[in-house]
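**Q** One structure, pasted below without further comment.
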Amino acid sequence: MSTILFTHPACIDHDPGSMHPENPSRLKAVLAALEADEFADLERREAPRVDIKDVERVHKPFYVEEILEKVPATGHVHLDPDTAMSPGSGEAIRRAAGAVCAAVDAVVGGEADNAFCAVRPPGHHAESQRAMGFCLFNNVAVAAARARAVHGLARVGIVDFDVHHGNGTENIFGREPSVFYASSHQSPCYPGTGAEYDHGIGNMVNVELYPGTGSDGFRQGWSSHILPALRKFAPDLLIISAGFDAHAYDPLAQLRLVEDDYTWVTGELKAVAADCCDGRLVSSLEGGYDLDALGASVTAHVRVLTGS
């Protein structure tokens with residue numbers, strides 16, 4: 001099983017503030033974990049800068065221009081109480097979105113079976129014309145739109161196991177029948193969206209997990225709801241919003257997952273990709289705010305992707 005790791009040092013330079021949970025130490029912890037001997041053969045590629053046309057397929061052009069113009073020369077600019085930019089943010093968001101586009105090109109082009117994008121800032125809360133929840137550009141949405149527009153794929157599946165619902169991804173694709181989106185997430189929790197009765201136009205599945213839910217509830221939700229619906233949709237490419245903040249040690253929510261749950265769900269998703277789309281799978285980092293848990297969880301995830 002061949003896997004490509006896409007990342008870029010610029011993604012470390014996005015710094016929303018020393019006390020902010022979405023800080024550069026997160027990506028440093030991920031990359032340190034992936035330096036383990038078991039990943040010695042993992043192919044590593046530098047993420048290119050995204051073509052702004054790729055971003056504008058999912059974000060309004062005026063919004064893209066506004067975000068890039070607001071990148072400060074010094075200090076910080078706050079777009080909302082949670083979402084801030086520093087001087088390095090402009091390059092970071094270009095490289096993060098560029099990583100997922102390059103990953104789609106590589107996987108669809110047969111250069112690898114799958115890819116993991118170790119990037120930040122995360123993206124799944126970014127709506128078509130609104131930054132929120134630490135997110136500026138919606139990386140997985142950019143990737144899905146490129147897969148359809150450039151590679152002509154008819155159906156793209158996006159699944160999200162971050163502890164928070166990906167309201168931005170739902171906002172962008174909620175009325176798009178060629179994109180399937182499924183999310184398991186804590187409820188009640190930020191951003192307050194993702195009710196189980198919300199099915200979009202039949203292309204969305206939401207699994208709400210009460211605070212304190214652990215492995216059994218998480219796996220039941222995926223096995224009973226998300227995985228069957230994903231198989232029925234039969235995507236030509238599978239994209240994962242890989243957030244690891246449902247871990248029991250994470251400080252921002254109250255689910256109780258452990259590393260083995262990420263091993264399990266990654267294996268299940270690899271099996272769907274193998275059956276539906278020749279194994280084509282792209283995963284992109286979202287949340288995860290306890291550094292030790294994040295590193296261990298990413299290790300579990302990438303270990304399954306590589307088949308090591």
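If you're wondering about the labels, chains in the structure tokens are A, B, ... by order shown, residues count from 1 in each chain, ligands from 1 in order shown.
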Would you please give, as number ranges by chain, all residues of segment 207-303 of chain A that DSSP assigns to helix (DSSP H, G or I) based on the backbone?
**A** A: 215-233, 259-276, 291-303
**Q** Could you save those same residues with N, CA and C atoms as a tab-separated table (two decimals), in the first residue's frame?
**A**
```
chain	number	residue	atom	x	y	z
A	215	SER	N	-16.03	4.31	22.71
A	215	SER	CA	-15.81	3.48	21.54
A	215	SER	C	-17.08	2.83	21.02
A	216	ASP	N	-17.88	2.24	21.92
A	216	ASP	CA	-19.05	1.48	21.48
A	216	ASP	C	-20.03	2.37	20.72
A	217	GLY	N	-20.35	3.53	21.27
A	217	GLY	CA	-21.30	4.42	20.61
A	217	GLY	C	-20.77	4.95	19.30
A	218	PHE	N	-19.49	5.30	19.29
A	218	PHE	CA	-18.86	5.79	18.06
A	218	PHE	C	-18.91	4.73	16.97
A	219	ARG	N	-18.48	3.53	17.29
A	219	ARG	CA	-18.43	2.47	16.27
A	219	ARG	C	-19.84	2.07	15.81
A	220	GLN	N	-20.79	2.09	16.73
A	220	GLN	CA	-22.17	1.77	16.35
A	220	GLN	C	-22.71	2.81	15.37
A	221	GLY	N	-22.43	4.07	15.63
A	221	GLY	CA	-22.90	5.11	14.73
A	221	GLY	C	-22.35	4.96	13.33
A	222	TRP	N	-21.08	4.65	13.24
A	222	TRP	CA	-20.47	4.46	11.93
A	222	TRP	C	-20.97	3.19	11.26
A	223	SER	N	-21.04	2.10	12.01
A	223	SER	CA	-21.42	0.82	11.42
A	223	SER	C	-22.87	0.80	10.97
A	224	SER	N	-23.75	1.46	11.73
A	224	SER	CA	-25.18	1.40	11.44
A	224	SER	C	-25.65	2.47	10.47
A	225	HIS	N	-24.96	3.59	10.43
A	225	HIS	CA	-25.47	4.72	9.66
A	225	HIS	C	-24.52	5.20	8.56
A	226	ILE	N	-23.31	5.56	8.95
A	226	ILE	CA	-22.43	6.22	7.98
A	226	ILE	C	-21.89	5.24	6.94
A	227	LEU	N	-21.32	4.14	7.38
A	227	LEU	CA	-20.68	3.22	6.42
A	227	LEU	C	-21.67	2.63	5.42
A	228	PRO	N	-22.86	2.19	5.83
A	228	PRO	CA	-23.81	1.69	4.82
A	228	PRO	C	-24.22	2.76	3.81
A	229	ALA	N	-24.44	3.98	4.28
A	229	ALA	CA	-24.83	5.05	3.37
A	229	ALA	C	-23.70	5.40	2.41
A	230	LEU	N	-22.47	5.37	2.92
A	230	LEU	CA	-21.32	5.65	2.06
A	230	LEU	C	-21.17	4.59	0.98
A	231	ARG	N	-21.33	3.34	1.35
A	231	ARG	CA	-21.25	2.26	0.36
A	231	ARG	C	-22.36	2.39	-0.68
A	232	LYS	N	-23.53	2.75	-0.24
A	232	LYS	CA	-24.64	2.92	-1.18
A	232	LYS	C	-24.35	4.04	-2.16
A	233	PHE	N	-23.73	5.11	-1.69
A	233	PHE	CA	-23.37	6.23	-2.57
A	233	PHE	C	-22.29	5.83	-3.56
A	259	GLU	N	-6.92	5.65	20.71
A	259	GLU	CA	-6.23	5.47	19.43
A	259	GLU	C	-6.79	4.30	18.63
A	260	ASP	N	-7.20	3.23	19.30
A	260	ASP	CA	-7.71	2.07	18.59
A	260	ASP	C	-8.98	2.37	17.81
A	261	ASP	N	-9.73	3.38	18.25
A	261	ASP	CA	-10.93	3.76	17.49
A	261	ASP	C	-10.55	4.39	16.16
A	262	TYR	N	-9.45	5.12	16.12
A	262	TYR	CA	-8.99	5.69	14.85
A	262	TYR	C	-8.40	4.61	13.95
A	263	THR	N	-7.77	3.61	14.55
A	263	THR	CA	-7.34	2.46	13.77
A	263	THR	C	-8.54	1.78	13.13
A	264	TRP	N	-9.57	1.56	13.93
A	264	TRP	CA	-10.77	0.86	13.44
A	264	TRP	C	-11.46	1.64	12.32
A	265	VAL	N	-11.74	2.93	12.55
A	265	VAL	CA	-12.51	3.68	11.56
A	265	VAL	C	-11.71	3.87	10.28
A	266	THR	N	-10.40	4.03	10.39
A	266	THR	CA	-9.57	4.15	9.19
A	266	THR	C	-9.60	2.86	8.39
A	267	GLY	N	-9.54	1.73	9.09
A	267	GLY	CA	-9.62	0.45	8.41
A	267	GLY	C	-10.94	0.26	7.70
A	268	GLU	N	-12.03	0.66	8.34
A	268	GLU	CA	-13.35	0.54	7.72
A	268	GLU	C	-13.44	1.42	6.47
A	269	LEU	N	-12.89	2.62	6.56
A	269	LEU	CA	-12.95	3.53	5.41
A	269	LEU	C	-12.05	3.06	4.28
A	270	LYS	N	-10.90	2.49	4.63
A	270	LYS	CA	-10.05	1.90	3.59
A	270	LYS	C	-10.77	0.77	2.87
A	271	ALA	N	-11.52	0.00	3.61
A	271	ALA	CA	-12.26	-1.11	2.99
A	271	ALA	C	-13.33	-0.59	2.04
A	272	VAL	N	-14.03	0.48	2.43
A	272	VAL	CA	-15.01	1.07	1.52
A	272	VAL	C	-14.33	1.60	0.27
A	273	ALA	N	-13.20	2.30	0.45
A	273	ALA	CA	-12.47	2.82	-0.71
A	273	ALA	C	-12.02	1.70	-1.62
A	274	ALA	N	-11.56	0.60	-1.04
A	274	ALA	CA	-11.11	-0.54	-1.85
A	274	ALA	C	-12.26	-1.11	-2.67
A	275	ASP	N	-13.44	-1.17	-2.07
A	275	ASP	CA	-14.59	-1.77	-2.75
A	275	ASP	C	-15.23	-0.83	-3.77
A	276	CYS	N	-15.17	0.46	-3.51
A	276	CYS	CA	-15.92	1.41	-4.32
A	276	CYS	C	-15.09	2.21	-5.32
A	291	LEU	N	-1.56	17.37	22.57
A	291	LEU	CA	-0.46	17.05	21.66
A	291	LEU	C	-0.08	15.58	21.68
A	292	ASP	N	-0.03	14.97	22.84
A	292	ASP	CA	0.32	13.56	22.92
A	292	ASP	C	-0.75	12.70	22.26
A	293	ALA	N	-2.01	12.99	22.56
A	293	ALA	CA	-3.11	12.22	21.96
A	293	ALA	C	-3.15	12.43	20.46
A	294	LEU	N	-2.88	13.64	20.03
A	294	LEU	CA	-2.89	13.93	18.60
A	294	LEU	C	-1.81	13.13	17.88
A	295	GLY	N	-0.59	13.16	18.40
A	295	GLY	CA	0.48	12.41	17.77
A	295	GLY	C	0.20	10.93	17.72
A	296	ALA	N	-0.31	10.37	18.82
A	296	ALA	CA	-0.61	8.94	18.86
A	296	ALA	C	-1.76	8.58	17.92
A	297	SER	N	-2.75	9.45	17.83
A	297	SER	CA	-3.91	9.17	16.99
A	297	SER	C	-3.56	9.26	15.51
A	298	VAL	N	-2.77	10.25	15.15
A	298	VAL	CA	-2.31	10.34	13.76
A	298	VAL	C	-1.46	9.13	13.40
A	299	THR	N	-0.62	8.70	14.32
A	299	THR	CA	0.18	7.50	14.08
A	299	THR	C	-0.72	6.31	13.78
A	300	ALA	N	-1.77	6.13	14.56
A	300	ALA	CA	-2.71	5.03	14.34
A	300	ALA	C	-3.37	5.14	12.97
A	301	HIS	N	-3.77	6.35	12.60
A	301	HIS	CA	-4.45	6.61	11.33
A	301	HIS	C	-3.53	6.32	10.14
A	302	VAL	N	-2.35	6.88	10.18
A	302	VAL	CA	-1.43	6.73	9.04
A	302	VAL	C	-0.88	5.30	8.96
A	303	ARG	N	-0.74	4.65	10.11
A	303	ARG	CA	-0.30	3.25	10.10
A	303	ARG	C	-1.26	2.39	9.27
```
**Q** For Pro48 of chain A, find every residue with an atom within 12 Å (counting only C-alpha atoms), except residues of its own chain fewer than 2 positions away, and show them as a list in words.
**A**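 Final neighbour list, sorted by chain and number: Phe6, Thr7, His8, Pro9, Ala10, Cys11, Arg45, Glu46, Val50, Asp51, Ile52, Glu91, Ala92, Ile93, Arg94, Arg95, Ala96, Ala97, Gly98, Ala99, Val100, Cys101, Ala102, Ala103, Asp105, Cys117 and Val119 of chain A.
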**Q** Write out, as a compact mmCIF listing (two decimals), in the first residue's frame, the residues just selected, with N, CA and C atoms.
**A**
```
# COMPACT_ATOMS: atom_id res chain seq x y z
N PHE A 6 1.75 14.78 2.44
CA PHE A 6 1.90 16.14 1.95
C PHE A 6 1.89 17.10 3.14
N THR A 7 2.88 17.98 3.18
CA THR A 7 2.93 19.00 4.22
C THR A 7 3.82 20.14 3.74
N HIS A 8 3.95 21.19 4.55
CA HIS A 8 4.81 22.30 4.20
C HIS A 8 5.15 23.09 5.47
N PRO A 9 6.41 23.55 5.60
CA PRO A 9 6.79 24.32 6.79
C PRO A 9 5.95 25.57 7.00
N ALA A 10 5.41 26.14 5.92
CA ALA A 10 4.60 27.35 6.06
C ALA A 10 3.37 27.12 6.93
N CYS A 11 2.90 25.88 6.99
CA CYS A 11 1.72 25.59 7.81
C CYS A 11 2.01 25.73 9.29
N ARG A 45 6.14 14.70 0.37
CA ARG A 45 6.16 15.73 -0.67
C ARG A 45 5.79 17.08 -0.09
N GLU A 46 6.44 18.10 -0.63
CA GLU A 46 6.14 19.47 -0.20
C GLU A 46 4.87 19.94 -0.88
N VAL A 50 -1.70 26.62 -3.65
CA VAL A 50 -2.93 26.33 -4.37
C VAL A 50 -3.16 27.36 -5.48
N ASP A 51 -3.75 26.92 -6.56
CA ASP A 51 -4.26 27.83 -7.57
C ASP A 51 -5.56 28.43 -7.02
N ILE A 52 -5.64 29.74 -6.95
CA ILE A 52 -6.81 30.39 -6.36
C ILE A 52 -8.10 29.97 -7.06
N GLU A 91 0.31 32.37 3.54
CA GLU A 91 1.04 31.28 2.90
C GLU A 91 0.56 29.93 3.42
N ALA A 92 0.24 29.86 4.71
CA ALA A 92 -0.22 28.59 5.29
C ALA A 92 -1.51 28.11 4.64
N ILE A 93 -2.48 28.99 4.45
CA ILE A 93 -3.75 28.54 3.87
C ILE A 93 -3.58 28.18 2.40
N ARG A 94 -2.68 28.86 1.71
CA ARG A 94 -2.40 28.47 0.32
C ARG A 94 -1.76 27.09 0.24
N ARG A 95 -0.85 26.81 1.15
CA ARG A 95 -0.17 25.50 1.13
C ARG A 95 -1.09 24.39 1.62
N ALA A 96 -1.93 24.68 2.62
CA ALA A 96 -2.86 23.65 3.10
C ALA A 96 -3.82 23.24 2.00
N ALA A 97 -4.40 24.22 1.32
CA ALA A 97 -5.31 23.90 0.22
C ALA A 97 -4.54 23.28 -0.95
N GLY A 98 -3.31 23.73 -1.16
CA GLY A 98 -2.49 23.14 -2.22
C GLY A 98 -2.15 21.70 -1.94
N ALA A 99 -1.99 21.35 -0.67
CA ALA A 99 -1.68 19.96 -0.31
C ALA A 99 -2.80 19.03 -0.71
N VAL A 100 -4.04 19.40 -0.39
CA VAL A 100 -5.14 18.49 -0.70
C VAL A 100 -5.36 18.38 -2.20
N CYS A 101 -5.13 19.47 -2.93
CA CYS A 101 -5.26 19.40 -4.40
C CYS A 101 -4.18 18.49 -4.98
N ALA A 102 -2.95 18.62 -4.50
CA ALA A 102 -1.87 17.76 -4.98
C ALA A 102 -2.13 16.31 -4.60
N ALA A 103 -2.72 16.10 -3.43
CA ALA A 103 -3.05 14.74 -3.00
C ALA A 103 -4.09 14.12 -3.91
N ASP A 105 -4.64 14.91 -7.04
CA ASP A 105 -3.98 14.65 -8.33
C ASP A 105 -3.16 13.37 -8.27
N CYS A 117 -2.60 14.53 4.39
CA CYS A 117 -2.16 15.92 4.35
C CYS A 117 -2.03 16.44 5.78
N VAL A 119 -1.50 19.32 7.54
CA VAL A 119 -1.56 20.76 7.28
C VAL A 119 -2.40 21.45 8.34
```
**Q** Skip segment 65-71 of chain A itself and residues of its chain fewer than 6 positions away, then list as JSON, numbers by chain all residues within 8 Å of it, counting only C-alpha atoms.
**A** {"A": [77, 85, 86, 87, 88, 89, 90, 136]}
**Q** Given the choices A:Gly157, A:Pro235, A:Gly287, A:Pro211, which gets closest to Cys135 of chain A if the distance is worked out from only C-alpha atoms?
**A**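 Going through A:Gly157, A:Pro235, A:Gly287, A:Pro211 one by one, the smallest distance to Cys135 of chain A is for A:Gly287.
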**Q** Just the strand (DSSP E) stuff from segment 55-287 of chain A, please, per backbone DSSP, written as JSON, numbers by chain.
**A** {"A": [77, 78, 84, 85, 114, 115, 116, 117, 156, 157, 158, 159, 160, 179, 180, 181, 182, 183, 184, 185, 186, 204, 205, 206, 207, 208, 209, 237, 238, 239, 240, 241, 242, 281, 282, 283, 284, 285]}
**Q** Based on the selection just made, write N, CA and C atoms of those residues as a short mmCIF file (atom, residue, chain, number, x, y, z; two decimals), in the first residue's frame.
**A**
```cif
data_model
loop_
_atom_site.label_atom_id
_atom_site.label_comp_id
_atom_site.auth_asym_id
_atom_site.auth_seq_id
_atom_site.Cartn_x
_atom_site.Cartn_y
_atom_site.Cartn_z
N VAL A 77 -4.92 39.56 13.25
CA VAL A 77 -6.24 40.05 12.85
C VAL A 77 -7.25 38.98 13.23
N HIS A 78 -8.28 39.37 13.99
CA HIS A 78 -9.31 38.43 14.39
C HIS A 78 -10.52 38.56 13.46
N ALA A 84 -8.27 33.67 14.01
CA ALA A 84 -7.33 34.77 13.87
C ALA A 84 -6.28 34.44 12.82
N MET A 85 -5.68 35.49 12.27
CA MET A 85 -4.59 35.34 11.30
C MET A 85 -3.37 36.11 11.76
N ASN A 114 -3.23 6.20 -1.53
CA ASN A 114 -3.86 7.18 -0.67
C ASN A 114 -2.84 8.23 -0.25
N ALA A 115 -3.33 9.26 0.44
CA ALA A 115 -2.46 10.35 0.88
C ALA A 115 -2.98 10.92 2.18
N PHE A 116 -2.05 11.41 2.99
CA PHE A 116 -2.40 12.12 4.21
C PHE A 116 -1.79 13.52 4.13
N CYS A 117 -2.60 14.53 4.39
CA CYS A 117 -2.16 15.92 4.35
C CYS A 117 -2.03 16.44 5.78
N VAL A 156 -18.08 12.15 -5.25
CA VAL A 156 -17.03 12.27 -4.24
C VAL A 156 -17.66 12.14 -2.86
N GLY A 157 -17.10 11.27 -2.04
CA GLY A 157 -17.57 11.12 -0.66
C GLY A 157 -16.63 11.80 0.31
N ILE A 158 -17.19 12.55 1.26
CA ILE A 158 -16.42 13.18 2.33
C ILE A 158 -16.97 12.67 3.65
N VAL A 159 -16.09 12.15 4.49
CA VAL A 159 -16.50 11.70 5.82
C VAL A 159 -15.64 12.41 6.86
N ASP A 160 -16.23 12.61 8.04
CA ASP A 160 -15.65 13.53 9.02
C ASP A 160 -15.81 12.93 10.41
N VAL A 179 -21.93 15.05 -4.30
CA VAL A 179 -21.04 14.98 -3.14
C VAL A 179 -21.83 14.46 -1.94
N PHE A 180 -21.29 13.43 -1.31
CA PHE A 180 -21.86 12.85 -0.09
C PHE A 180 -21.04 13.35 1.09
N TYR A 181 -21.72 13.75 2.17
CA TYR A 181 -21.02 14.17 3.37
C TYR A 181 -21.62 13.48 4.58
N ALA A 182 -20.76 12.88 5.40
CA ALA A 182 -21.21 12.24 6.64
C ALA A 182 -20.29 12.64 7.78
N SER A 183 -20.89 12.86 8.95
CA SER A 183 -20.14 13.32 10.11
C SER A 183 -20.64 12.65 11.38
N SER A 184 -19.71 12.20 12.21
CA SER A 184 -20.04 11.88 13.60
C SER A 184 -19.44 12.97 14.46
N HIS A 185 -20.19 13.44 15.45
CA HIS A 185 -19.73 14.59 16.22
C HIS A 185 -20.47 14.65 17.55
N GLN A 186 -19.83 15.29 18.52
CA GLN A 186 -20.47 15.49 19.81
C GLN A 186 -21.63 16.47 19.67
N MET A 204 -26.54 13.59 2.85
CA MET A 204 -25.86 13.88 4.10
C MET A 204 -26.31 12.90 5.18
N VAL A 205 -25.37 12.49 6.04
CA VAL A 205 -25.67 11.67 7.21
C VAL A 205 -24.97 12.30 8.41
N ASN A 206 -25.73 12.59 9.44
CA ASN A 206 -25.18 13.13 10.68
C ASN A 206 -25.45 12.18 11.83
N VAL A 207 -24.41 11.84 12.58
CA VAL A 207 -24.53 11.00 13.76
C VAL A 207 -24.14 11.83 14.97
N GLU A 208 -25.11 12.14 15.82
CA GLU A 208 -24.86 12.91 17.02
C GLU A 208 -24.45 11.98 18.16
N LEU A 209 -23.40 12.34 18.86
CA LEU A 209 -22.89 11.56 19.97
C LEU A 209 -22.94 12.41 21.24
N LEU A 237 -14.06 8.71 -5.26
CA LEU A 237 -12.94 9.13 -4.42
C LEU A 237 -13.48 9.36 -3.03
N LEU A 238 -12.73 8.94 -2.02
CA LEU A 238 -13.12 9.16 -0.63
C LEU A 238 -12.15 10.15 0.01
N ILE A 239 -12.70 11.19 0.66
CA ILE A 239 -11.91 12.21 1.34
C ILE A 239 -12.30 12.20 2.81
N ILE A 240 -11.29 12.25 3.69
CA ILE A 240 -11.54 12.22 5.13
C ILE A 240 -11.16 13.55 5.76
N SER A 241 -12.09 14.15 6.50
CA SER A 241 -11.77 15.22 7.43
C SER A 241 -11.32 14.55 8.72
N ALA A 242 -10.00 14.45 8.88
CA ALA A 242 -9.42 13.64 9.95
C ALA A 242 -9.12 14.52 11.17
N LEU A 281 -8.14 7.34 -1.75
CA LEU A 281 -8.51 7.97 -0.49
C LEU A 281 -7.53 9.10 -0.19
N VAL A 282 -8.05 10.25 0.20
CA VAL A 282 -7.25 11.40 0.63
C VAL A 282 -7.73 11.82 2.01
N SER A 283 -6.81 11.95 2.95
CA SER A 283 -7.13 12.36 4.31
C SER A 283 -6.43 13.67 4.63
N SER A 284 -7.15 14.57 5.31
CA SER A 284 -6.57 15.87 5.66
C SER A 284 -6.82 16.17 7.13
N LEU A 285 -5.81 16.64 7.81
CA LEU A 285 -5.88 16.92 9.24
C LEU A 285 -6.88 18.04 9.53
#
```
**Q** Do you know which residues are at most 6 Å from His124 of chain A counting only C-alpha atoms, after dropping those on the same chain fewer than 3 positions away, and could you put them as an MDAnalysis selection string?
**A** chainID A and resid 138 166 168:169
